[in-house]
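What follows is the content of start_8.txt (compact mmCIF, C-alpha atoms).
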# COMPACT_ATOMS: atom_id res chain seq x y z
CA MET A 1 101.67 81.53 68.52
CA THR A 2 102.06 84.80 66.64
CA THR A 3 100.07 87.66 68.09
CA SER A 4 97.38 89.34 66.06
CA PRO A 5 99.10 92.04 64.00
CA PRO A 6 98.65 95.66 65.06
CA THR A 7 96.95 98.02 62.63
CA LYS A 8 100.24 99.16 61.17
CA LEU A 9 103.25 96.92 61.59
CA SER A 10 106.50 98.60 62.63
CA THR A 11 109.51 98.82 60.35
CA ILE A 12 112.41 97.05 62.01
CA ALA A 13 116.07 97.87 61.33
CA ILE A 14 118.54 95.09 62.04
CA LEU A 15 121.87 96.85 62.52
CA GLY A 16 124.91 94.73 61.84
CA GLY A 17 122.30 92.52 60.23
CA THR A 18 124.57 90.67 57.81
CA GLY A 19 126.11 88.45 60.50
CA LYS A 20 124.95 85.23 62.12
CA GLU A 21 121.91 86.36 64.11
CA GLY A 22 120.47 89.18 62.02
CA PRO A 23 119.26 87.30 58.93
CA GLY A 24 117.33 84.75 60.99
CA LEU A 25 115.49 87.47 62.92
CA ALA A 26 114.84 89.30 59.63
CA MET A 27 113.36 86.18 58.04
CA ARG A 28 111.03 85.52 60.98
CA TRP A 29 109.74 89.09 61.16
CA ALA A 30 109.42 89.45 57.38
CA SER A 31 107.41 86.21 57.36
CA ALA A 32 105.15 87.72 60.01
CA GLY A 33 104.51 90.78 57.81
CA TYR A 34 106.98 93.34 59.12
CA ALA A 35 109.05 95.55 56.82
CA ILE A 36 112.74 94.93 57.53
CA ILE A 37 115.81 97.02 56.84
CA ILE A 38 119.11 95.20 57.04
CA GLY A 39 121.82 97.60 58.19
CA SER A 40 125.54 97.19 57.63
CA ARG A 41 128.61 99.42 57.63
CA GLN A 42 128.79 98.61 53.90
CA LEU A 43 125.69 99.43 51.86
CA GLU A 44 126.44 96.73 49.28
CA LYS A 45 126.67 94.03 51.93
CA ALA A 46 123.37 95.15 53.43
CA GLN A 47 121.69 95.09 50.04
CA ALA A 48 123.12 91.68 49.17
CA THR A 49 121.86 90.15 52.44
CA ALA A 50 118.45 91.77 51.92
CA ALA A 51 118.22 90.41 48.38
CA ASP A 52 119.22 86.96 49.58
CA ILE A 53 116.48 86.95 52.24
CA ASN A 54 113.84 88.24 49.80
CA ALA A 55 114.78 85.45 47.38
CA LYS A 56 114.59 82.79 50.11
CA LEU A 57 111.19 84.03 51.30
CA ASN A 58 109.86 84.85 47.83
CA MET A 59 108.87 88.26 49.23
CA ASP A 60 109.99 91.84 48.90
CA ARG A 61 109.79 93.08 52.47
CA VAL A 62 113.52 93.36 53.18
CA SER A 63 115.74 96.21 52.06
CA GLY A 64 119.36 97.12 52.79
CA LEU A 65 120.88 100.40 54.00
CA GLU A 66 124.00 101.67 55.71
CA ASN A 67 123.56 101.27 59.50
CA SER A 68 122.75 104.93 60.34
CA ASP A 69 120.28 105.27 57.48
CA ALA A 70 118.68 101.99 58.49
CA ALA A 71 118.29 103.22 62.07
CA ARG A 72 116.79 106.54 60.93
CA SER A 73 114.28 104.86 58.61
CA ALA A 74 112.97 102.38 61.16
CA ASP A 75 110.50 102.53 64.05
CA ILE A 76 112.58 100.16 66.13
CA ALA A 77 116.15 98.89 65.79
CA VAL A 78 117.94 95.70 66.75
CA LEU A 79 121.71 95.59 67.23
CA THR A 80 123.30 92.28 66.21
CA VAL A 81 126.94 93.23 65.71
CA VAL A 82 129.80 90.99 66.84
CA GLN A 83 130.72 91.79 70.43
CA SER A 84 134.07 93.36 69.58
CA ALA A 85 132.25 95.99 67.48
CA HIS A 86 129.58 96.73 70.08
CA GLN A 87 130.78 99.94 71.69
CA ALA A 88 131.97 101.62 68.46
CA ALA A 89 128.70 100.68 66.73
CA VAL A 90 126.58 102.17 69.52
CA GLU A 91 128.64 105.36 69.56
CA GLY A 92 128.27 105.71 65.79
CA LEU A 93 124.50 105.26 65.98
CA ARG A 94 123.86 107.71 68.84
CA ASP A 95 122.18 110.41 66.77
CA ALA A 96 120.28 108.09 64.44
CA LEU A 97 118.69 106.20 67.32
CA GLN A 98 117.31 109.15 69.32
CA GLY A 99 113.61 108.71 70.08
CA LYS A 100 113.62 105.00 69.27
CA ILE A 101 113.83 101.66 70.99
CA LEU A 102 117.13 99.81 70.52
CA ILE A 103 117.09 96.07 71.14
CA ASP A 104 120.62 95.07 72.09
CA ALA A 105 121.35 91.39 71.40
CA THR A 106 125.02 91.58 72.35
CA ALA A 107 126.60 88.98 74.61
CA ARG A 108 130.25 89.70 75.32
CA VAL A 109 131.46 86.13 75.23
CA ASP A 110 134.69 84.76 73.79
CA PHE A 111 133.56 81.70 71.83
CA ARG A 112 136.96 80.04 72.25
CA ALA A 113 137.07 80.47 76.03
CA PRO A 114 133.57 81.36 77.20
CA ARG A 115 133.22 82.73 80.72
CA PRO A 116 130.59 84.98 82.30
CA PRO A 117 131.19 88.71 81.73
CA GLU A 118 131.01 91.15 84.64
CA GLN A 119 128.78 94.22 85.13
CA PRO A 120 127.91 96.50 83.45
CA SER A 121 125.92 94.53 80.90
CA ALA A 122 126.39 95.30 77.20
CA ALA A 123 122.91 96.80 77.15
CA ARG A 124 123.70 99.04 80.14
CA ILE A 125 126.85 100.22 78.34
CA ALA A 126 124.70 101.00 75.30
CA GLN A 127 122.15 102.87 77.41
CA ASP A 128 124.87 104.96 79.02
CA ILE A 129 126.30 105.89 75.59
CA LEU A 130 122.94 106.62 73.98
CA GLY A 131 121.45 108.63 76.83
CA PRO A 132 117.83 108.88 77.98
CA GLY A 133 116.50 109.69 74.48
CA VAL A 134 116.86 106.04 73.47
CA LYS A 135 115.13 103.16 75.24
CA VAL A 136 117.53 100.23 75.28
CA VAL A 137 116.05 96.76 75.69
CA ALA A 138 118.25 93.64 76.02
CA ALA A 139 117.00 90.52 74.23
CA TYR A 140 117.98 87.60 71.95
CA GLN A 141 121.52 87.26 73.35
CA ASN A 142 121.18 83.49 73.53
CA VAL A 143 118.85 82.62 70.68
CA PRO A 144 120.62 80.04 68.48
CA ALA A 145 121.12 81.58 65.03
CA GLY A 146 120.48 78.28 63.25
CA ALA A 147 117.15 77.71 65.00
CA LEU A 148 115.85 81.10 63.82
CA LYS A 149 116.19 80.12 60.16
CA LYS A 150 114.39 76.79 60.51
CA ASP A 151 110.64 76.25 60.24
CA LEU A 152 109.72 79.92 59.78
CA GLY A 153 106.25 80.67 61.07
CA GLN A 154 106.48 77.82 63.57
CA PRO A 155 107.01 78.40 67.30
CA MET A 156 110.60 77.85 68.42
CA ASP A 157 111.67 75.73 71.39
CA VAL A 158 113.40 78.80 72.82
CA ASP A 159 112.31 81.41 75.36
CA VAL A 160 113.59 84.98 75.47
CA LEU A 161 114.41 86.93 78.62
CA VAL A 162 113.73 90.61 77.98
CA CYS A 163 115.48 93.16 80.21
CA ALA A 164 114.64 96.87 80.20
CA ASP A 165 114.49 99.69 82.70
CA GLU A 166 110.99 100.59 81.43
CA VAL A 167 108.39 97.86 81.34
CA GLN A 168 106.55 99.53 78.45
CA ALA A 169 109.57 99.30 76.15
CA ALA A 170 110.04 95.68 77.21
CA GLU A 171 106.41 94.94 76.31
CA THR A 172 106.86 96.28 72.78
CA VAL A 173 109.84 93.96 72.36
CA MET A 174 107.96 91.04 73.89
CA GLN A 175 105.24 91.47 71.25
CA LEU A 176 107.86 91.45 68.49
CA THR A 177 109.37 88.35 70.04
CA GLN A 178 106.04 86.54 70.02
CA ALA A 179 105.63 87.54 66.38
CA ALA A 180 108.96 85.82 65.67
CA GLY A 181 107.69 82.60 67.23
CA MET A 182 109.29 82.79 70.67
CA HIS A 183 107.78 83.27 74.10
CA ALA A 184 109.20 86.28 75.92
CA TYR A 185 109.37 87.04 79.62
CA TYR A 186 110.11 90.33 81.33
CA ALA A 187 113.25 89.69 83.36
CA GLY A 188 113.88 93.03 85.06
CA SER A 189 116.22 95.94 84.49
CA LEU A 190 119.15 96.25 82.08
CA ASP A 191 121.45 95.22 84.93
CA ASN A 192 119.84 91.77 84.88
CA ALA A 193 121.00 91.39 81.27
CA ILE A 194 124.43 90.47 82.65
CA VAL A 195 122.87 87.13 83.65
CA VAL A 196 121.56 86.55 80.13
CA GLU A 197 125.01 87.31 78.74
CA GLY A 198 126.48 84.86 81.23
CA LEU A 199 123.86 82.31 80.25
CA THR A 200 125.02 82.68 76.66
CA SER A 201 128.52 81.81 77.83
CA ILE A 202 127.21 78.71 79.63
CA LEU A 203 125.12 77.60 76.65
CA ILE A 204 128.21 77.88 74.42
CA SER A 205 130.15 75.76 76.94
CA MET A 206 127.33 73.23 76.92
CA ASN A 207 127.28 73.12 73.12
CA LYS A 208 130.99 72.29 73.23
CA TYR A 209 130.66 69.71 76.02
CA TYR A 210 127.63 67.88 74.65
CA GLY A 211 128.36 68.45 70.96
CA GLY A 212 125.82 70.72 69.29
CA HIS A 213 125.07 74.32 68.51
CA SER A 214 121.46 74.89 69.55
CA ALA A 215 121.41 74.90 73.37
CA ALA A 216 118.78 77.32 74.64
CA ILE A 217 116.46 77.77 77.60
CA ARG A 218 112.75 77.55 78.24
CA ILE A 219 111.05 78.98 81.31
CA THR A 220 108.73 76.73 83.30
CA GLY A 221 106.48 77.25 86.32
CA ILE A 222 104.97 80.55 85.15
CA GLN A 223 101.45 80.98 83.78
CA GLN A 224 101.99 81.88 80.11
CA PRO A 225 101.67 85.65 79.76
CA MET B 1 113.60 59.04 84.53
CA THR B 2 115.52 57.85 87.60
CA THR B 3 118.81 56.12 86.84
CA SER B 4 119.29 52.49 87.76
CA PRO B 5 120.53 52.47 91.36
CA PRO B 6 124.22 51.73 91.96
CA THR B 7 125.09 48.61 93.95
CA LYS B 8 125.27 50.55 97.20
CA LEU B 9 123.45 53.86 97.38
CA SER B 10 125.34 56.74 98.97
CA THR B 11 124.34 58.29 102.26
CA ILE B 12 123.55 61.96 101.69
CA ALA B 13 123.83 64.64 104.38
CA ILE B 14 121.71 67.74 103.85
CA LEU B 15 123.40 70.44 105.92
CA GLY B 16 121.15 73.26 107.00
CA GLY B 17 118.50 70.78 105.94
CA THR B 18 115.64 72.10 108.06
CA GLY B 19 114.99 75.13 105.83
CA LYS B 20 113.02 75.56 102.61
CA GLU B 21 115.06 73.55 100.12
CA GLY B 22 116.51 70.73 102.22
CA PRO B 23 113.39 68.76 103.12
CA GLY B 24 112.24 68.57 99.48
CA LEU B 25 115.60 67.20 98.32
CA ALA B 26 115.56 64.77 101.27
CA MET B 27 112.11 63.50 100.34
CA ARG B 28 113.06 62.92 96.70
CA TRP B 29 116.28 61.07 97.50
CA ALA B 30 114.74 59.04 100.32
CA SER B 31 111.95 58.02 97.92
CA ALA B 32 114.64 56.88 95.48
CA GLY B 33 116.22 54.66 98.14
CA TYR B 34 119.03 56.81 99.52
CA ALA B 35 119.75 57.09 103.24
CA ILE B 36 119.49 60.73 104.27
CA ILE B 37 120.89 62.62 107.23
CA ILE B 38 119.33 66.00 107.92
CA GLY B 39 121.92 68.30 109.45
CA SER B 40 121.20 71.38 111.56
CA ARG B 41 123.04 73.53 114.05
CA GLN B 42 120.50 72.22 116.57
CA LEU B 43 120.28 68.44 116.93
CA GLU B 44 116.66 68.59 118.05
CA LYS B 45 115.61 70.56 114.99
CA ALA B 46 117.39 68.10 112.69
CA GLN B 47 115.71 65.16 114.40
CA ALA B 48 112.28 66.79 114.26
CA THR B 49 112.60 67.49 110.52
CA ALA B 50 113.84 63.94 109.92
CA ALA B 51 110.91 62.47 111.87
CA ASP B 52 108.49 64.66 109.94
CA ILE B 53 109.85 63.46 106.59
CA ASN B 54 109.82 59.81 107.66
CA ALA B 55 106.19 60.19 108.72
CA LYS B 56 105.23 61.81 105.41
CA LEU B 57 106.97 59.11 103.37
CA ASN B 58 106.00 56.25 105.67
CA MET B 59 109.67 55.23 105.63
CA ASP B 60 112.60 55.23 108.01
CA ARG B 61 115.46 56.36 105.78
CA VAL B 62 115.94 59.85 107.21
CA SER B 63 117.83 60.65 110.43
CA GLY B 64 118.90 63.92 112.06
CA LEU B 65 122.30 65.00 113.36
CA GLU B 66 124.17 68.17 114.20
CA ASN B 67 125.70 69.56 110.95
CA SER B 68 129.31 68.40 111.53
CA ASP B 69 128.26 64.92 112.62
CA ALA B 70 125.96 64.72 109.60
CA ALA B 71 128.79 65.67 107.25
CA ARG B 72 131.16 63.13 108.83
CA SER B 73 128.60 60.31 108.60
CA ALA B 74 127.74 60.86 104.93
CA ASP B 75 129.36 59.95 101.61
CA ILE B 76 128.28 63.21 100.05
CA ALA B 77 126.94 66.46 101.54
CA VAL B 78 124.57 69.16 100.29
CA LEU B 79 124.63 72.65 101.76
CA THR B 80 121.21 74.35 101.85
CA VAL B 81 121.71 77.07 104.46
CA VAL B 82 120.25 80.56 104.03
CA GLN B 83 122.68 82.76 102.15
CA SER B 84 123.56 84.92 105.15
CA ALA B 85 124.84 81.82 106.97
CA HIS B 86 126.85 80.48 104.03
CA GLN B 87 130.39 81.51 104.84
CA ALA B 88 130.22 80.72 108.56
CA ALA B 89 128.64 77.36 107.83
CA VAL B 90 131.36 76.40 105.34
CA GLU B 91 134.10 77.49 107.76
CA GLY B 92 132.55 75.42 110.55
CA LEU B 93 132.35 72.33 108.33
CA ARG B 94 135.89 72.49 106.95
CA ASP B 95 137.26 69.51 108.86
CA ALA B 96 134.15 67.37 108.64
CA LEU B 97 133.95 67.67 104.85
CA GLN B 98 137.54 66.69 103.97
CA GLY B 99 137.64 63.92 101.37
CA LYS B 100 134.01 64.41 100.36
CA ILE B 101 131.95 66.11 97.70
CA LEU B 102 130.03 69.18 98.89
CA ILE B 103 127.10 70.25 96.74
CA ASP B 104 126.61 73.97 97.35
CA ALA B 105 123.05 75.13 96.60
CA THR B 106 123.58 78.69 97.80
CA ALA B 107 122.40 81.66 95.73
CA ARG B 108 123.29 84.97 97.34
CA VAL B 109 120.11 86.79 96.44
CA ASP B 110 118.14 89.28 98.49
CA PHE B 111 114.53 88.13 98.06
CA ARG B 112 113.22 91.64 98.69
CA ALA B 113 115.46 93.33 96.11
CA PRO B 114 116.89 90.60 93.88
CA ARG B 115 119.83 91.51 91.70
CA PRO B 116 122.63 89.42 90.20
CA PRO B 117 125.57 88.85 92.56
CA GLU B 118 129.14 89.44 91.38
CA GLN B 119 132.07 87.02 91.26
CA PRO B 120 133.27 85.03 93.08
CA SER B 121 130.34 82.59 93.14
CA ALA B 122 129.19 81.19 96.47
CA ALA B 123 130.54 77.80 95.45
CA ARG B 124 133.95 79.30 94.59
CA ILE B 125 134.01 80.97 98.02
CA ALA B 126 133.24 77.60 99.57
CA GLN B 127 135.97 75.87 97.55
CA ASP B 128 138.52 78.48 98.63
CA ILE B 129 137.60 78.01 102.29
CA LEU B 130 137.49 74.21 102.16
CA GLY B 131 140.70 73.72 100.18
CA PRO B 132 141.59 71.03 97.64
CA GLY B 133 140.60 68.14 99.94
CA VAL B 134 136.91 68.85 99.28
CA LYS B 135 135.32 68.77 95.84
CA VAL B 136 132.73 71.53 95.69
CA VAL B 137 129.95 71.22 93.12
CA ALA B 138 127.36 73.98 92.60
CA ALA B 139 123.79 72.82 91.94
CA TYR B 140 120.12 73.31 92.86
CA GLN B 141 120.42 77.08 93.41
CA ASN B 142 117.23 77.72 91.44
CA VAL B 143 115.12 74.65 92.04
CA PRO B 144 111.75 75.80 93.44
CA ALA B 145 111.38 74.36 96.95
CA GLY B 146 107.66 73.77 96.50
CA ALA B 147 108.10 71.76 93.30
CA LEU B 148 110.49 69.35 95.03
CA LYS B 149 107.83 68.27 97.51
CA LYS B 150 105.15 67.60 94.89
CA ASP B 151 104.63 64.34 93.00
CA LEU B 152 107.60 62.53 94.50
CA GLY B 153 108.99 59.90 92.14
CA GLN B 154 107.75 61.85 89.12
CA PRO B 155 110.08 63.83 86.84
CA MET B 156 110.08 67.56 87.55
CA ASP B 157 109.68 70.29 84.92
CA VAL B 158 113.01 71.72 86.05
CA ASP B 159 116.56 71.29 84.75
CA VAL B 160 119.67 71.64 86.88
CA LEU B 161 122.91 73.31 85.78
CA VAL B 162 125.81 71.61 87.55
CA CYS B 163 129.07 73.54 87.87
CA ALA B 164 132.31 71.97 89.09
CA ASP B 165 136.01 72.30 88.40
CA GLU B 166 136.24 68.50 88.00
CA VAL B 167 133.89 66.82 85.58
CA GLN B 168 133.96 63.58 87.56
CA ALA B 169 132.54 65.23 90.69
CA ALA B 170 129.92 66.92 88.53
CA GLU B 171 128.92 63.55 87.08
CA THR B 172 128.33 62.08 90.53
CA VAL B 173 126.03 65.00 91.32
CA MET B 174 124.30 64.71 87.96
CA GLN B 175 123.45 61.08 88.76
CA LEU B 176 122.01 62.13 92.11
CA THR B 177 120.02 64.83 90.35
CA GLN B 178 118.54 62.33 87.90
CA ALA B 179 117.61 60.14 90.87
CA ALA B 180 115.68 63.12 92.30
CA GLY B 181 113.68 63.43 89.07
CA MET B 182 115.51 66.30 87.38
CA HIS B 183 117.67 66.39 84.28
CA ALA B 184 121.14 67.75 84.94
CA TYR B 185 123.62 69.35 82.59
CA TYR B 186 127.32 70.00 83.12
CA ALA B 187 127.69 73.77 82.88
CA GLY B 188 131.42 74.32 83.38
CA SER B 189 133.59 75.43 86.27
CA LEU B 190 132.60 76.84 89.65
CA ASP B 191 133.05 80.34 88.21
CA ASN B 192 130.07 79.69 85.93
CA ALA B 193 127.93 79.20 89.03
CA ILE B 194 127.71 82.98 89.28
CA VAL B 195 125.35 82.82 86.31
CA VAL B 196 123.15 80.27 88.03
CA GLU B 197 123.03 82.48 91.12
CA GLY B 198 122.09 85.42 88.90
CA LEU B 199 119.45 83.29 87.22
CA THR B 200 117.98 82.63 90.64
CA SER B 201 117.71 86.38 91.12
CA ILE B 202 115.94 86.74 87.75
CA LEU B 203 113.56 83.86 88.45
CA ILE B 204 112.62 85.49 91.77
CA SER B 205 111.98 88.78 89.91
CA MET B 206 109.83 86.89 87.41
CA ASN B 207 107.86 85.19 90.18
CA LYS B 208 107.09 88.64 91.57
CA TYR B 209 106.25 90.15 88.18
CA TYR B 210 104.05 87.33 86.90
CA GLY B 211 102.72 86.23 90.27
CA GLY B 212 103.91 82.78 91.27
CA HIS B 213 106.67 80.96 93.07
CA SER B 214 107.77 78.16 90.77
CA ALA B 215 109.68 79.80 87.88
CA ALA B 216 112.48 77.54 86.71
CA ILE B 217 114.39 76.70 83.55
CA ARG B 218 114.62 73.81 81.12
CA ILE B 219 117.41 73.37 78.61
CA THR B 220 116.49 72.74 74.98
CA GLY B 221 118.51 72.01 71.83
CA ILE B 222 120.84 69.43 73.41
CA GLN B 223 120.64 65.69 72.88
CA GLN B 224 119.58 64.34 76.28
CA PRO B 225 122.67 63.06 78.06

Reformat the file's structure so that it appears as structure tokens.
Amino acid sequence: MTTSPPTKLSTIAILGGTGKEGPGLAMRWASAGYAIIIGSRQLEKAQATAADINAKLNMDRVSGLENSDAARSADIAVLTVVQSAHQAAVEGLRDALQGKILIDATARVDFRAPRPPEQPSAARIAQDILGPGVKVVAAYQNVPAGALKKDLGQPMDVDVLVCADEVQAAETVMQLTQAAGMHAYYAGSLDNAIVVEGLTSILISMNKYYGGHSAAIRITGIQQP
Amino acid sequence: MTTSPPTKLSTIAILGGTGKEGPGLAMRWASAGYAIIIGSRQLEKAQATAADINAKLNMDRVSGLENSDAARSADIAVLTVVQSAHQAAVEGLRDALQGKILIDATARVDFRAPRPPEQPSAARIAQDILGPGVKVVAAYQNVPAGALKKDLGQPMDVDVLVCADEVQAAETVMQLTQAAGMHAYYAGSLDNAIVVEGLTSILISMNKYYGGHSAAIRITGIQQP
């Protein structure tokens, strides 16, 4: 299911990459041949997570840097901070991200009392802070962290809705998503990302109700792109 | 995939049942043994749609009545009016629906320029109008009308998110949903239905982008209830 690799694979920074979601994404992309930089506010934490992933994969494709340095050194960045840190993180990364694509994976959901957030979406907030020099793309808000770390190199039973104001930026992210073993669908502008955030809230509710931690969605009824 | 039928099957009224979504639901439930009343503002239209469905199914389980009479004669009602008629329809049915469950399938989405609606959800609006004597359940907002009419009696490649303030009312609707050939999941309170409405908007966008008319979702990562 992985796409054929482009001539030169991008370097991907995973900002706030020491949390729940970041390491799983890092492992999938590193397994697919991408160079990965784990970013953290604390350099040591970033380096420790990178070393841990390299050891698990028996590879040396993952390094660790402070968030801004990670963003500057990468072709494309992914933001996987906890929701409470979202706005401050984006503000702090404004300069480092200019000219790049930022994939925002933030869903503003309270895990204890999940309910759908209201507009603007987290990704729209990020776009407004970062300005037109950064192309924000919303994705991965509801990918179960545990599922990412299992069966690396195998397709996941999870689809990704990719929202972006520019289709071209979305397509770059959709290729990365395929490389990580997930099908991706273009789901419209950054404003539509509010639905994906809300879906995250519903999936968390469903995990609680049915007992589990891996609820996700697949899309049906569309010819596979 | 259909559940074992209860001792006495409910009579289901499909209000605004002459449109796109109603006839497909009617066909699936009639095929599963339920008595169906198609409701319309115009008695003749309701009767014509009912006769058409009976002819297609070679059965006689579907009748037609004016909306209020249909609601009064049924154990459970489904509202499948076009979104612009939603509020007036609910107001007009207030008395007839007391003591019953109303399944609200309304998604307030402009098909020409789909974008996620804001709170309150259509189903919450309906609940507020109808008062505590009616149990409103939100479901079927994003079930493709065409898919309902195909392969009756076969499971559909579509899952249904069921939102209700009372789990017991949701469970009744989830059983009906299984009987129609779809898996159903309890997705929290009526406020969560805003996400399902927004999802409808995204699925319409995806149908336009990818070319099609059957985009839908499945849930993964949960032990089948």

With all atoms listed in the file counted, which protein, DNA or RNA residues have an atom no more than 9 Å from (117.2, 59.9, 97.9) in the file frame? Please answer as number ranges by chain.
B: 9-12, 25-36, 61, 176, 179-180

Near A:Gln47, within 12 Å and counting all atoms listed in the file, which residues show up once chain neighbours fewer than 6 positions away are dropped, as a list of chain:residue names?
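Near A:Gln47, the qualifying residues are A:Gly17, A:Thr18, A:Ile36, A:Ile37, A:Ile38, A:Gly39, A:Ser40, A:Arg41, A:Ile53, A:Asn54, A:Val62, A:Ser63, A:Gly64, A:Leu65, A:Glu66, A:Asn67, A:Ala70.
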
Work out how far apart atom CA of A:Ser214 and atom CA of A:Arg115 are and give it in Å to one decimal.
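Separation between atom CA of A:Ser214 and atom CA of A:Arg115: 18.0 Å.
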
Identify every residue of chain A that has at least one atom within 8 Å of any atom of chain B, counting only C-alpha atoms, and report the result as a VMD selection string.
chain A and resid 115 to 116 118 to 119 157 to 158 185 to 188 191 to 192 194 to 195 198 to 199 202 to 203 205 to 207 209 to 223 225

Grab the atom CA of A:Ile14 to atom CA of A:Gln154 distance for me, in Å with one decimal place.
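If I compute the distance from atom CA of A:Ile14 to atom CA of A:Gln154, I get 21.1 Å.
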
Record the distance separating atom CA of B:Pro23 and atom CA of B:Ser121, expressed in Å with one decimal.
24.0 Å

Spatial neighbours of stretch 95-109 of chain A, max dist 6 Å, all atoms listed in the file, sep filter under 4 positions, as a short mmCIF file (atom, residue, chain, number, x, y, z; two decimals) with C-alpha atoms, in the coordinates of the input:
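Below you can see result.cif, which holds the result:
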data_model
loop_
_atom_site.label_atom_id
_atom_site.label_comp_id
_atom_site.auth_asym_id
_atom_site.auth_seq_id
_atom_site.Cartn_x
_atom_site.Cartn_y
_atom_site.Cartn_z
CA SER A 68 122.75 104.93 60.34
CA ALA A 71 118.29 103.22 62.07
CA ARG A 72 116.79 106.54 60.93
CA ILE A 76 112.58 100.16 66.13
CA ALA A 77 116.15 98.89 65.79
CA VAL A 78 117.94 95.70 66.75
CA LEU A 79 121.71 95.59 67.23
CA THR A 80 123.30 92.28 66.21
CA GLN A 83 130.72 91.79 70.43
CA PRO A 114 133.57 81.36 77.20
CA ALA A 123 122.91 96.80 77.15
CA GLY A 133 116.50 109.69 74.48
CA VAL A 134 116.86 106.04 73.47
CA LYS A 135 115.13 103.16 75.24
CA VAL A 136 117.53 100.23 75.28
CA VAL A 137 116.05 96.76 75.69
CA ALA A 138 118.25 93.64 76.02
CA ALA A 139 117.00 90.52 74.23
CA TYR A 140 117.98 87.60 71.95
CA GLN A 141 121.52 87.26 73.35
CA GLU A 197 125.01 87.31 78.74
CA SER A 201 128.52 81.81 77.83
#

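Taking all atoms listed in the file into account, A:Val81 lies nearest to A:Lys20 out of the set A:Lys149, A:Lys20, A:Lys208, A:Arg94.
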